[in-house]
>>> print(open('coords_36.txt').read())   # compact mmCIF, C-alpha atoms
# COMPACT_ATOMS: atom_id res chain seq x y z
CA MET L 1 -1.62 78.78 44.22
CA PRO L 2 1.39 76.65 45.25
CA LYS L 3 1.29 75.72 48.90
CA SER L 4 4.58 77.51 49.62
CA ASP L 5 3.12 80.78 48.27
CA ARG L 6 0.04 80.64 50.46
CA PRO L 7 -0.29 82.80 53.56
CA THR L 8 -0.53 81.05 56.91
CA VAL L 9 -3.74 81.61 58.85
CA VAL L 10 -4.07 80.56 62.49
CA VAL L 11 -7.60 79.73 63.71
CA THR L 12 -7.86 79.70 67.49
CA GLU L 13 -11.50 78.88 68.26
CA GLY L 14 -12.68 76.77 65.36
CA SER L 15 -15.28 77.51 62.73
CA ASP L 16 -17.94 75.82 60.66
CA ALA L 17 -16.68 73.37 58.07
CA GLY L 18 -17.75 75.49 55.09
CA PRO L 19 -15.70 78.62 55.85
CA LEU L 20 -12.69 76.53 56.84
CA SER L 21 -12.86 74.60 53.58
CA TRP L 22 -13.00 77.88 51.63
CA LEU L 23 -10.03 79.20 53.60
CA ARG L 24 -7.95 76.07 53.07
CA GLU L 25 -8.23 76.53 49.32
CA ARG L 26 -6.51 79.89 49.68
CA ALA L 27 -4.19 79.58 52.67
CA GLN L 28 -2.31 77.19 54.91
CA VAL L 29 -4.65 76.85 57.88
CA ILE L 30 -3.44 75.97 61.36
CA GLU L 31 -6.23 75.11 63.79
CA THR L 32 -5.12 75.40 67.38
CA SER L 33 -6.44 76.27 70.83
CA LEU L 34 -5.49 78.90 73.37
CA ASP L 35 -4.10 76.28 75.76
CA ASN L 36 -1.99 74.54 73.11
CA PRO L 37 1.71 74.55 74.16
CA ASP L 38 2.59 75.19 70.49
CA LEU L 39 0.44 78.32 70.25
CA ALA L 40 3.42 80.71 70.37
CA ARG L 41 5.15 78.80 67.56
CA HIS L 42 2.01 78.95 65.44
CA LEU L 43 1.60 82.68 66.08
CA ALA L 44 5.17 83.28 64.93
CA GLU L 45 4.19 81.83 61.53
CA ALA L 46 0.85 83.61 61.21
CA ASP L 47 0.10 86.04 58.39
CA GLY L 48 -3.55 86.02 59.40
CA LEU L 49 -5.44 85.24 62.59
CA VAL L 50 -9.08 84.15 62.86
CA VAL L 51 -10.63 84.53 66.32
CA ARG L 52 -14.04 84.51 67.90
CA THR L 53 -14.99 85.50 71.45
CA TYR L 54 -12.34 84.31 73.89
CA THR L 55 -9.06 85.03 72.12
CA ARG L 56 -7.56 88.26 73.45
CA VAL L 57 -5.68 89.95 70.63
CA ASN L 58 -3.63 92.24 72.85
CA GLN L 59 -0.13 93.64 72.86
CA ASP L 60 1.36 90.38 74.13
CA MET L 61 -0.22 88.32 71.34
CA LEU L 62 0.84 90.88 68.74
CA ASP L 63 4.43 90.71 70.02
CA GLN L 64 4.35 86.95 69.39
CA SER L 65 3.04 87.48 65.83
CA PRO L 66 5.67 89.48 63.90
CA ARG L 67 4.33 88.46 60.46
CA LEU L 68 0.70 89.23 61.24
CA ARG L 69 -1.14 91.33 58.65
CA VAL L 70 -4.83 90.77 59.38
CA VAL L 71 -7.08 89.71 62.26
CA GLY L 72 -10.54 88.37 61.41
CA ARG L 73 -13.18 88.30 64.12
CA GLY L 74 -15.98 85.79 63.55
CA GLY L 75 -18.65 87.87 65.23
CA VAL L 76 -19.92 91.38 65.83
CA GLY L 77 -18.06 92.92 68.78
CA LEU L 78 -14.41 93.92 68.84
CA GLU L 79 -14.03 94.18 72.61
CA ASN L 80 -11.51 91.31 72.71
CA ILE L 81 -9.23 92.95 70.12
CA ASP L 82 -6.92 95.89 70.81
CA VAL L 83 -7.78 97.65 67.56
CA ALA L 84 -5.51 100.63 68.27
CA ALA L 85 -2.49 98.37 68.88
CA CYS L 86 -3.24 96.50 65.65
CA ARG L 87 -3.43 99.73 63.68
CA ARG L 88 -0.11 100.93 65.06
CA ARG L 89 1.46 97.76 63.64
CA GLY L 90 -0.34 98.03 60.32
CA VAL L 91 -2.51 95.00 61.10
CA GLU L 92 -5.96 95.19 59.51
CA VAL L 93 -8.93 94.21 61.69
CA VAL L 94 -12.03 92.83 59.98
CA PHE L 95 -15.21 91.33 61.40
CA THR L 96 -18.67 90.03 60.47
CA PRO L 97 -21.11 92.74 61.61
CA ASP L 98 -24.22 91.07 60.18
CA ALA L 99 -23.44 87.57 61.43
CA ASN L 100 -26.17 87.44 64.10
CA THR L 101 -28.57 90.17 62.98
CA LEU L 102 -31.31 87.87 61.68
CA ALA L 103 -30.95 85.37 64.54
CA VAL L 104 -31.18 88.05 67.24
CA GLY L 105 -34.22 89.58 65.57
CA ASP L 106 -35.94 86.18 65.47
CA PHE L 107 -35.00 85.51 69.11
CA VAL L 108 -36.34 88.81 70.45
CA ILE L 109 -39.58 88.62 68.46
CA GLY L 110 -40.06 85.04 69.71
CA TYR L 111 -39.83 86.18 73.33
CA MET L 112 -42.16 89.11 72.66
CA LEU L 113 -44.76 86.71 71.31
CA GLN L 114 -44.43 84.40 74.31
CA LEU L 115 -44.91 87.31 76.70
CA LEU L 116 -47.74 89.04 74.83
CA ARG L 117 -49.58 86.04 73.41
CA PRO L 118 -49.06 83.13 75.84
CA TRP L 119 -49.47 79.67 74.41
CA ALA L 120 -51.43 76.73 75.79
CA PHE L 121 -49.67 73.61 74.57
CA PHE L 122 -51.56 70.60 73.30
CA ARG L 123 -48.64 68.23 73.03
CA ASP L 124 -49.61 65.90 75.88
CA LYS L 125 -53.39 65.90 75.59
CA THR L 126 -56.43 67.36 73.88
CA TYR L 127 -58.58 69.41 76.25
CA GLU L 128 -62.26 68.81 76.73
CA PRO L 129 -64.42 71.67 75.38
CA LYS L 130 -65.13 73.10 78.85
CA GLU L 131 -61.45 73.10 79.82
CA PHE L 132 -60.45 74.49 76.42
CA LYS L 133 -62.86 77.39 76.85
CA ARG L 134 -61.52 78.08 80.34
CA ILE L 135 -57.93 78.18 79.03
CA ARG L 136 -58.92 80.34 76.08
CA ASN L 137 -60.62 82.85 78.36
CA THR L 138 -57.72 82.85 80.83
CA VAL L 139 -54.72 82.88 78.53
CA ARG L 140 -55.47 85.90 76.41
CA GLY L 141 -52.88 87.82 74.47
CA ARG L 142 -52.51 91.31 73.08
CA GLN L 143 -52.65 92.18 69.41
CA LEU L 144 -49.25 93.52 68.45
CA ASN L 145 -50.67 96.00 65.95
CA GLU L 146 -52.21 97.82 68.92
CA LEU L 147 -48.85 98.22 70.66
CA THR L 148 -45.78 100.44 70.38
CA LEU L 149 -42.24 99.07 70.34
CA GLY L 150 -39.43 101.23 71.75
CA ILE L 151 -35.92 100.66 70.41
CA LEU L 152 -32.80 102.15 71.98
CA GLY L 153 -30.05 102.15 69.37
CA MET L 154 -30.89 101.74 65.70
CA GLY L 155 -27.91 99.69 64.60
CA ARG L 156 -28.27 96.55 62.54
CA VAL L 157 -30.25 94.64 65.16
CA GLY L 158 -32.41 97.65 66.00
CA ARG L 159 -33.27 98.16 62.34
CA ARG L 160 -34.06 94.46 61.96
CA MET L 161 -36.44 94.67 64.93
CA GLY L 162 -38.10 97.80 63.52
CA ARG L 163 -38.58 96.15 60.14
CA ILE L 164 -40.20 93.02 61.64
CA ALA L 165 -42.38 95.04 64.03
CA THR L 166 -43.77 97.40 61.39
CA HIS L 167 -43.92 95.26 58.26
CA GLY L 168 -44.72 91.99 60.06
CA PHE L 169 -47.06 93.07 62.85
CA GLY L 170 -48.13 96.63 62.06
CA MET L 171 -46.67 98.00 65.29
CA ARG L 172 -45.78 101.62 65.91
CA VAL L 173 -42.03 102.06 66.47
CA LEU L 174 -40.37 104.75 68.56
CA TYR L 175 -36.59 104.89 68.73
CA ASN L 176 -33.61 106.85 69.95
CA ASP L 177 -30.01 106.84 68.77
CA VAL L 178 -26.92 108.97 69.27
CA LEU L 179 -26.71 109.27 65.47
CA ASP L 180 -29.18 110.55 62.91
CA VAL L 181 -29.92 107.28 61.12
CA HIS L 182 -33.47 107.77 59.83
CA ASP L 183 -32.30 107.71 56.19
CA GLN L 184 -31.24 104.06 56.69
CA PHE L 185 -34.80 102.86 57.39
CA ASP L 186 -37.13 101.11 54.98
CA PHE L 187 -39.93 101.14 57.57
CA PRO L 188 -41.83 103.88 59.46
CA ALA L 189 -40.33 104.91 62.81
CA GLU L 190 -40.47 108.01 64.99
CA CYS L 191 -37.69 109.59 67.04
CA PRO L 192 -39.26 111.76 69.79
CA VAL L 193 -35.90 113.39 70.58
CA PRO L 194 -33.92 114.13 67.39
CA ALA L 195 -30.34 112.87 67.47
CA HIS L 196 -27.45 115.30 67.51
CA ASP L 197 -25.27 113.74 64.85
CA ASP L 198 -21.62 114.03 65.84
CA ALA L 199 -18.93 112.98 63.37
CA SER L 200 -16.69 111.94 66.28
CA TRP L 201 -19.06 109.03 67.01
CA LYS L 202 -18.43 105.82 65.11
CA ARG L 203 -20.39 102.73 66.01
CA GLU L 204 -17.81 99.92 65.57
CA SER L 205 -20.49 97.29 64.98
CA ASP L 206 -22.06 99.23 62.08
>>> encode(input="coords_36.txt", output="structure tokens")
Amino acid sequence: MPKSDRPTVVVTEGSDAGPLSWLRERAQVIETSLDNPDLARHLAEADGLVVRTYTRVNQDMLDQSPRLRVVGRGGVGLENIDVAACRRRGVEVVFTPDANTLAVGDFVIGYMLQLLRPWAFFRDKTYEPKEFKRIRNTVRGRQLNELTLGILGMGRVGRRMGRIATHGFGMRVLYNDVLDVHDQFDFPAECPVPAHDDASWKRESD
């Protein structure tokens, strides 16, 4: 695609090299920052805008971006984007809802293990048998397959947690959600209070 025919995409908070390289093959990319004095000039040229957490895509920014057609959020939440204002202008809003699902699941399970099965570290020394036995008898954990995990909200992260807990550790899972989502599970889970599915609810991050 000739450079003159490429859309202009403004990136305000950076990105990994791989996605930026892919984008540069398809668009003219302007990397800038929110405190750049030339930001308004860049926005006036933007057909697309790539943001992350701290860029507020509000009415003022939209007024400075008359050519804007799409806003891409590198992340899960849309709280920093006025989606309604974008829609009124015909600006599409897209995001990456699964960007952190695996990482958050790993993080939470890691903390569960540290709390339930405390570790005695052997990095600095090897304990004598008597001291090792004392530590082993003092620092005792719980077997996760004997425990129940409660999950409030069975979105992407909740389902990831349920999958790890049941398939990985044999835990019982109880959950609650405002939506009836049981048909999205590939693991056993129980909902003590059935959800009242309401079509007016729409989880933005799902």
>>> axis_aligned_box(input="coords_36.txt", around="segment 13-17 of chain L", padding_each_side="4 Å", output="JSON")
{"center_x": -14.7, "center_y": 76.1, "center_z": 63.2, "size_x": 14.4, "size_y": 13.5, "size_z": 18.2}
>>> residues_around(input="coords_36.txt", residues="segment 55-64 of chain L", least_positions_apart="5", cutoff="8 Å", atoms="all atoms listed in the file", output="ChimeraX atom specification")
/L:12-13,34,40,43-44,80-82,85-86
>>> residues_around(input="coords_36.txt", residues="segment 149-165 of chain L", least_positions_apart="5", cutoff="10 Å", atoms="all atoms listed in the file", output="ChimeraX atom specification")
/L:97-98,100-106,108-109,144,170-182,184-191,203,205-206
>>> closest_residue(input="coords_36.txt", among="L:Leu20, L:Pro37, L:Thr138, L:Val51", to="Val94 of chain L", atoms="all atoms listed in the file")
L:Val51
>>> closest_residue(input="coords_36.txt", among="L:Val93, L:Leu39, L:Val139, L:Ala46", to="Arg73 of chain L", atoms="all atoms listed in the file")
L:Val93
>>> atom_distance(input="coords_36.txt", atom1="atom CA of Pro7 of chain L", atom2="atom CA of Asn36 of chain L")
21.3 Å
>>> closest_residue(input="coords_36.txt", among="L:Thr53, L:Thr166, L:Glu128, L:Asp38", to="Ser15 of chain L", atoms="only C-alpha atoms")
L:Thr53
>>> atom_distance(input="coords_36.txt", atom1="atom CA of Val11 of chain L", atom2="atom CA of Thr32 of chain L")
6.2 Å
>>> closest_residue(input="coords_36.txt", among="L:Ile135, L:Ala27, L:Val10, L:Leu113", to="Val71 of chain L", atoms="all atoms listed in the file")
L:Val10
>>> closest_residue(input="coords_36.txt", among="L:His42, L:Val9, L:Lys125, L:Gln114", to="Val70 of chain L", atoms="all atoms listed in the file")
L:Val9
>>> atom_distance(input="coords_36.txt", atom1="atom CA of Tyr54 of chain L", atom2="atom CA of Arg24 of chain L")
22.8 Å
>>> residues_around(input="coords_36.txt", residues="Arg6 of chain L", least_positions_apart="3", cutoff="12 Å", atoms="all atoms listed in the file", output="list in words")
Met1, Pro2, Lys3, Val9, Leu23, Arg24, Glu25, Arg26, Ala27, Gln28, Val29, Glu45, Ala46, Asp47 and Gly48 of chain L
>>> write_last_selection(input="coords_36.txt", atoms="C-alpha atoms", output="PDB file, in the frame of the given file")
ATOM      1  CA  MET L   1      -1.620  78.780  44.220  1.00  0.00           C
ATOM      2  CA  PRO L   2       1.390  76.650  45.250  1.00  0.00           C
ATOM      3  CA  LYS L   3       1.290  75.720  48.900  1.00  0.00           C
ATOM      4  CA  VAL L   9      -3.740  81.610  58.850  1.00  0.00           C
ATOM      5  CA  LEU L  23     -10.030  79.200  53.600  1.00  0.00           C
ATOM      6  CA  ARG L  24      -7.950  76.070  53.070  1.00  0.00           C
ATOM      7  CA  GLU L  25      -8.230  76.530  49.320  1.00  0.00           C
ATOM      8  CA  ARG L  26      -6.510  79.890  49.680  1.00  0.00           C
ATOM      9  CA  ALA L  27      -4.190  79.580  52.670  1.00  0.00           C
ATOM     10  CA  GLN L  28      -2.310  77.190  54.910  1.00  0.00           C
ATOM     11  CA  VAL L  29      -4.650  76.850  57.880  1.00  0.00           C
ATOM     12  CA  GLU L  45       4.190  81.830  61.530  1.00  0.00           C
ATOM     13  CA  ALA L  46       0.850  83.610  61.210  1.00  0.00           C
ATOM     14  CA  ASP L  47       0.100  86.040  58.390  1.00  0.00           C
ATOM     15  CA  GLY L  48      -3.550  86.020  59.400  1.00  0.00           C
TER      16      GLY L  48
END
>>> closest_residue(input="coords_36.txt", among="L:Arg69, L:Trp119, L:Gly74, L:Arg140", to="Gly90 of chain L", atoms="all atoms listed in the file")
L:Arg69
>>> build_atoms(input="coords_36.txt", residues="segment 44-55 of chain L", atoms="all heavy atoms", output="short mmCIF file (atom, residue, chain, number, x, y, z; two decimals), in the coordinates of the input")
data_model
loop_
_atom_site.label_atom_id
_atom_site.label_comp_id
_atom_site.auth_asym_id
_atom_site.auth_seq_id
_atom_site.Cartn_x
_atom_site.Cartn_y
_atom_site.Cartn_z
N ALA L 44 3.97 82.76 65.59
CA ALA L 44 5.17 83.28 64.93
C ALA L 44 5.13 83.08 63.42
O ALA L 44 5.79 83.80 62.67
CB ALA L 44 6.41 82.62 65.51
N GLU L 45 4.31 82.12 62.96
CA GLU L 45 4.19 81.83 61.53
C GLU L 45 3.00 82.52 60.88
O GLU L 45 2.82 82.47 59.66
CB GLU L 45 4.06 80.32 61.32
CG GLU L 45 5.20 79.50 61.89
CD GLU L 45 4.91 78.00 61.82
OE1 GLU L 45 3.84 77.64 61.27
OE2 GLU L 45 5.74 77.21 62.30
N ALA L 46 2.15 83.16 61.68
CA ALA L 46 0.85 83.61 61.21
C ALA L 46 0.92 84.89 60.38
O ALA L 46 1.46 85.91 60.83
CB ALA L 46 -0.09 83.82 62.39
N ASP L 47 0.36 84.83 59.17
CA ASP L 47 0.10 86.04 58.39
C ASP L 47 -1.30 86.57 58.69
O ASP L 47 -1.56 87.77 58.56
CB ASP L 47 0.20 85.74 56.89
CG ASP L 47 1.59 85.23 56.51
OD1 ASP L 47 2.54 86.02 56.61
OD2 ASP L 47 1.70 84.05 56.13
N GLY L 48 -2.19 85.66 59.05
CA GLY L 48 -3.55 86.02 59.40
C GLY L 48 -3.99 85.26 60.64
O GLY L 48 -3.47 84.19 60.96
N LEU L 49 -4.94 85.84 61.36
CA LEU L 49 -5.44 85.24 62.59
C LEU L 49 -6.96 85.33 62.59
O LEU L 49 -7.53 86.40 62.36
CB LEU L 49 -4.88 85.99 63.80
CG LEU L 49 -5.25 85.52 65.20
CD1 LEU L 49 -4.75 84.10 65.46
CD2 LEU L 49 -4.67 86.48 66.25
N VAL L 50 -7.62 84.19 62.79
CA VAL L 50 -9.08 84.15 62.86
C VAL L 50 -9.48 83.81 64.29
O VAL L 50 -9.09 82.76 64.81
CB VAL L 50 -9.67 83.12 61.87
CG1 VAL L 50 -11.19 83.03 62.04
CG2 VAL L 50 -9.32 83.50 60.44
N VAL L 51 -10.24 84.71 64.92
CA VAL L 51 -10.63 84.53 66.32
C VAL L 51 -12.14 84.65 66.44
O VAL L 51 -12.83 85.08 65.53
CB VAL L 51 -9.93 85.56 67.22
CG1 VAL L 51 -8.42 85.49 67.05
CG2 VAL L 51 -10.43 86.98 66.94
N ARG L 52 -12.61 84.31 67.63
CA ARG L 52 -14.04 84.51 67.90
C ARG L 52 -14.16 85.32 69.19
O ARG L 52 -13.76 86.48 69.22
CB ARG L 52 -14.76 83.17 67.96
CG ARG L 52 -14.71 82.45 66.61
CD ARG L 52 -15.45 81.14 66.59
NE ARG L 52 -16.89 81.33 66.60
CZ ARG L 52 -17.76 80.32 66.53
NH1 ARG L 52 -17.33 79.07 66.45
NH2 ARG L 52 -19.05 80.55 66.52
N THR L 53 -14.63 84.72 70.27
CA THR L 53 -14.99 85.50 71.45
C THR L 53 -13.90 85.54 72.52
O THR L 53 -13.70 86.56 73.18
CB THR L 53 -16.28 84.94 72.08
OG1 THR L 53 -17.31 84.94 71.09
CG2 THR L 53 -16.73 85.77 73.27
N TYR L 54 -13.18 84.45 72.71
CA TYR L 54 -12.34 84.31 73.89
C TYR L 54 -10.86 84.56 73.64
O TYR L 54 -10.08 84.60 74.58
CB TYR L 54 -12.55 82.92 74.51
CG TYR L 54 -14.00 82.68 74.87
CD1 TYR L 54 -14.79 81.82 74.13
CD2 TYR L 54 -14.58 83.37 75.94
CE1 TYR L 54 -16.13 81.62 74.45
CE2 TYR L 54 -15.90 83.18 76.27
CZ TYR L 54 -16.68 82.31 75.52
OH TYR L 54 -17.99 82.13 75.84
N THR L 55 -10.46 84.73 72.42
CA THR L 55 -9.06 85.03 72.12
C THR L 55 -8.82 86.52 72.31
O THR L 55 -9.49 87.35 71.69
CB THR L 55 -8.71 84.65 70.67
OG1 THR L 55 -8.99 83.26 70.48
CG2 THR L 55 -7.24 84.91 70.38
#
